[in-house]
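Trainee: Next comes start-v1.pdb, PDB, C-alpha atoms, pLDDT in the B column:
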```pdb
ATOM      1  CA  MET A   1     278.538 135.144  13.777  1.00 51.00           C
ATOM      2  CA  LEU A   2     280.275 138.010  12.056  1.00 62.00           C
ATOM      3  CA  PHE A   3     280.169 140.519  14.875  1.00 62.00           C
ATOM      4  CA  GLY A   4     280.648 139.338  18.442  1.00 64.00           C
ATOM      5  CA  LYS A   5     279.883 140.973  21.730  1.00 61.00           C
ATOM      6  CA  LYS A   6     282.058 143.875  22.702  1.00 57.00           C
ATOM      7  CA  LYS A   7     284.414 142.835  25.464  1.00 55.00           C
ATOM      8  CA  GLN A   8     284.364 144.915  28.608  1.00 54.00           C
ATOM      9  CA  LYS A   9     287.621 146.462  29.697  1.00 58.00           C
ATOM     10  CA  GLN A  10     289.016 144.897  32.816  1.00 58.00           C
ATOM     11  CA  LYS A  11     290.773 147.100  35.309  1.00 58.00           C
ATOM     12  CA  PRO A  12     294.445 146.213  35.306  1.00 62.00           C
ATOM     13  CA  SER A  13     295.778 144.872  38.560  1.00 64.00           C
ATOM     14  CA  PHE A  14     298.311 147.417  39.734  1.00 70.00           C
ATOM     15  CA  ASP A  15     299.607 147.808  43.281  1.00 78.00           C
ATOM     16  CA  LYS A  16     299.953 151.511  43.980  1.00 80.00           C
ATOM     17  CA  THR A  17     300.897 151.295  47.647  1.00 87.00           C
ATOM     18  CA  GLY A  18     303.929 153.460  48.348  1.00 92.00           C
ATOM     19  CA  LYS A  19     303.502 155.253  44.995  1.00 94.00           C
ATOM     20  CA  TYR A  20     301.899 158.470  43.830  1.00 94.00           C
ATOM     21  CA  PRO A  21     300.411 159.364  40.419  1.00 95.00           C
ATOM     22  CA  VAL A  22     302.546 161.497  38.099  1.00 96.00           C
ATOM     23  CA  ILE A  23     302.335 162.922  34.601  1.00 96.00           C
ATOM     24  CA  ARG A  24     305.730 163.348  32.983  1.00 96.00           C
ATOM     25  CA  ALA A  25     305.786 165.951  30.226  1.00 96.00           C
ATOM     26  CA  SER A  26     308.616 166.623  27.795  1.00 94.00           C
ATOM     27  CA  ILE A  27     309.545 170.282  27.444  1.00 92.00           C
ATOM     28  CA  CYS A  28     310.839 169.739  23.901  1.00 93.00           C
ATOM     29  CA  THR A  29     308.164 167.566  22.308  1.00 92.00           C
ATOM     30  CA  GLY A  30     305.202 168.106  24.616  1.00 90.00           C
ATOM     31  CA  GLU A  31     304.720 164.340  24.968  1.00 95.00           C
ATOM     32  CA  LYS A  32     302.946 163.337  28.180  1.00 97.00           C
ATOM     33  CA  VAL A  33     303.136 159.984  29.949  1.00 97.00           C
ATOM     34  CA  ALA A  34     301.098 158.983  32.998  1.00 96.00           C
ATOM     35  CA  GLY A  35     302.285 156.551  35.616  1.00 95.00           C
ATOM     36  CA  PHE A  36     303.245 156.103  39.242  1.00 95.00           C
ATOM     37  CA  LYS A  37     306.425 157.115  41.049  1.00 95.00           C
ATOM     38  CA  SER A  38     307.757 155.248  44.061  1.00 94.00           C
ATOM     39  CA  VAL A  39     308.057 157.282  47.241  1.00 93.00           C
ATOM     40  CA  SER A  40     311.029 155.284  48.518  1.00 94.00           C
ATOM     41  CA  ASP A  41     313.406 155.198  45.519  1.00 94.00           C
ATOM     42  CA  GLY A  42     311.848 157.662  43.032  1.00 93.00           C
ATOM     43  CA  LYS A  43     311.510 155.051  40.281  1.00 95.00           C
ATOM     44  CA  PHE A  44     308.865 155.998  37.694  1.00 94.00           C
ATOM     45  CA  GLU A  45     306.622 153.280  36.262  1.00 93.00           C
ATOM     46  CA  GLU A  46     305.160 154.367  32.907  1.00 94.00           C
ATOM     47  CA  LEU A  47     301.609 153.136  32.284  1.00 94.00           C
ATOM     48  CA  MET A  48     299.891 155.208  29.633  1.00 94.00           C
ATOM     49  CA  LEU A  49     300.575 157.766  26.906  1.00 96.00           C
ATOM     50  CA  ILE A  50     298.404 160.880  27.309  1.00 96.00           C
ATOM     51  CA  ARG A  51     297.513 162.412  23.941  1.00 96.00           C
ATOM     52  CA  ASN A  52     294.362 164.320  24.904  1.00 96.00           C
ATOM     53  CA  ASP A  53     291.829 164.956  27.696  1.00 95.00           C
ATOM     54  CA  ARG A  54     290.049 161.686  26.930  1.00 97.00           C
ATOM     55  CA  ASP A  55     293.253 159.706  27.615  1.00 96.00           C
ATOM     56  CA  LEU A  56     293.734 161.600  30.878  1.00 96.00           C
ATOM     57  CA  ARG A  57     290.164 160.831  32.004  1.00 96.00           C
ATOM     58  CA  GLU A  58     290.692 157.167  31.103  1.00 95.00           C
ATOM     59  CA  PHE A  59     293.876 157.038  33.211  1.00 95.00           C
ATOM     60  CA  LEU A  60     292.126 158.669  36.170  1.00 95.00           C
ATOM     61  CA  GLU A  61     289.181 156.246  35.966  1.00 94.00           C
ATOM     62  CA  THR A  62     291.218 153.110  35.270  1.00 93.00           C
ATOM     63  CA  TYR A  63     293.642 153.583  38.144  1.00 92.00           C
ATOM     64  CA  ASP A  64     291.129 155.241  40.511  1.00 91.00           C
ATOM     65  CA  VAL A  65     293.063 158.509  40.820  1.00 92.00           C
ATOM     66  CA  LYS A  66     291.575 161.896  41.661  1.00 93.00           C
ATOM     67  CA  ALA A  67     292.710 164.878  39.573  1.00 90.00           C
ATOM     68  CA  GLY A  68     293.962 166.663  42.708  1.00 93.00           C
ATOM     69  CA  GLU A  69     296.347 163.800  43.515  1.00 92.00           C
ATOM     70  CA  LEU A  70     298.055 163.986  40.130  1.00 94.00           C
ATOM     71  CA  LYS A  71     301.464 165.694  40.080  1.00 95.00           C
ATOM     72  CA  LYS A  72     303.205 166.992  36.954  1.00 94.00           C
ATOM     73  CA  GLU A  73     306.939 166.690  36.311  1.00 94.00           C
ATOM     74  CA  TRP A  74     308.990 168.181  33.489  1.00 90.00           C
TER      75      TRP A  74
END
```
Take the structure in this file and express it as structure tokens.

Mentor:
Amino acid sequence: MLFGKKKQKQKPSFDKTGKYPVIRASICTGEKVAGFKSVSDGKFEELMLIRNDRDLREFLETYDVKAGELKKEW
């Protein structure tokens, strides 16, 4: 068979307890990275590069985040 079935994307297993969703944006380059930041020690865990609105929607859906919960840092 030349073309197989398209594999479904599996939701990554990520424990977000004690963390909140953040988008880090560079002032110089405009690059945006989405991830989670720990409440206790402030450590940022980078998960996804955000190039456009489609990437942002994918991040929100994949990690079950509401747009109102998302914080932006420079």

Trainee: Could you check which of A:Leu60, A:Ile50, A:Ala25, A:Thr17 is closest to Lys37 of chain A, using all atoms listed in the file?

Mentor: A:Thr17

Trainee: With only C-alpha atoms as the atoms that count, which of A:Asp64, A:Asp53, A:Glu58, A:Tyr20 lies nearest to Ser38 of chain A?

Mentor: A:Tyr20

Trainee: (302.9, 155.8, 30.4) in this file's frame - what residues fall within 9 Å of it? Use only C-alpha atoms and give the answer as a list in words.

Mentor: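 Residues close enough to count: Ile23, Arg24, Lys32, Val33, Ala34, Gly35, Phe36, Glu45, Glu46, Leu47, Met48, Leu49 and Ile50 of chain A.
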
Trainee: Please enumerate the residues selected by the PyMOL selection byres ((chain A and resi 72) around 7) when evaluated against the supplied file, formatted as a VMD selection string.

Mentor: chain A and resid 22 to 24 70 to 71 73 to 74

Trainee: Can you measure atom CA of Ser40 of chain A to atom CA of Leu56 of chain A for me? One decimal in Å is fine.

Mentor: 25.5 Å

Trainee: What's the separation between atom CA of Tyr63 of chain A and atom CA of Phe14 of chain A, in Å to one decimal place?

Mentor: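 Interatomic distance here is 7.9 Å.
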
Trainee: Work out how far atom CA of Gly18 of chain A is from atom CA of Glu31 of chain A, in Å to one decimal.

Mentor: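 According to the coordinates, atom CA of Glu31 of chain A and atom CA of Gly18 of chain A are separated by 25.8 Å.
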
Trainee: Quick one: what's the axis-aligned box for segment 63-69 of chain A, all listed atoms, 3 Å on every side, centre and edges in Å to one decimal, as lines of an AutoDock Vina configuration file?

Mentor:
```
center_x = 293.7
center_y = 160.1
center_z = 40.8
size_x = 11.2
size_y = 19.1
size_z = 11.4
```

Trainee: Between A:Val65, A:Asp41, A:Arg54, A:Phe59, single out the one closest to Lys16 of chain A, counting only C-alpha atoms.

Mentor: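 Using only C-alpha atoms, the shortest distance to Lys16 of chain A belongs to A:Val65.
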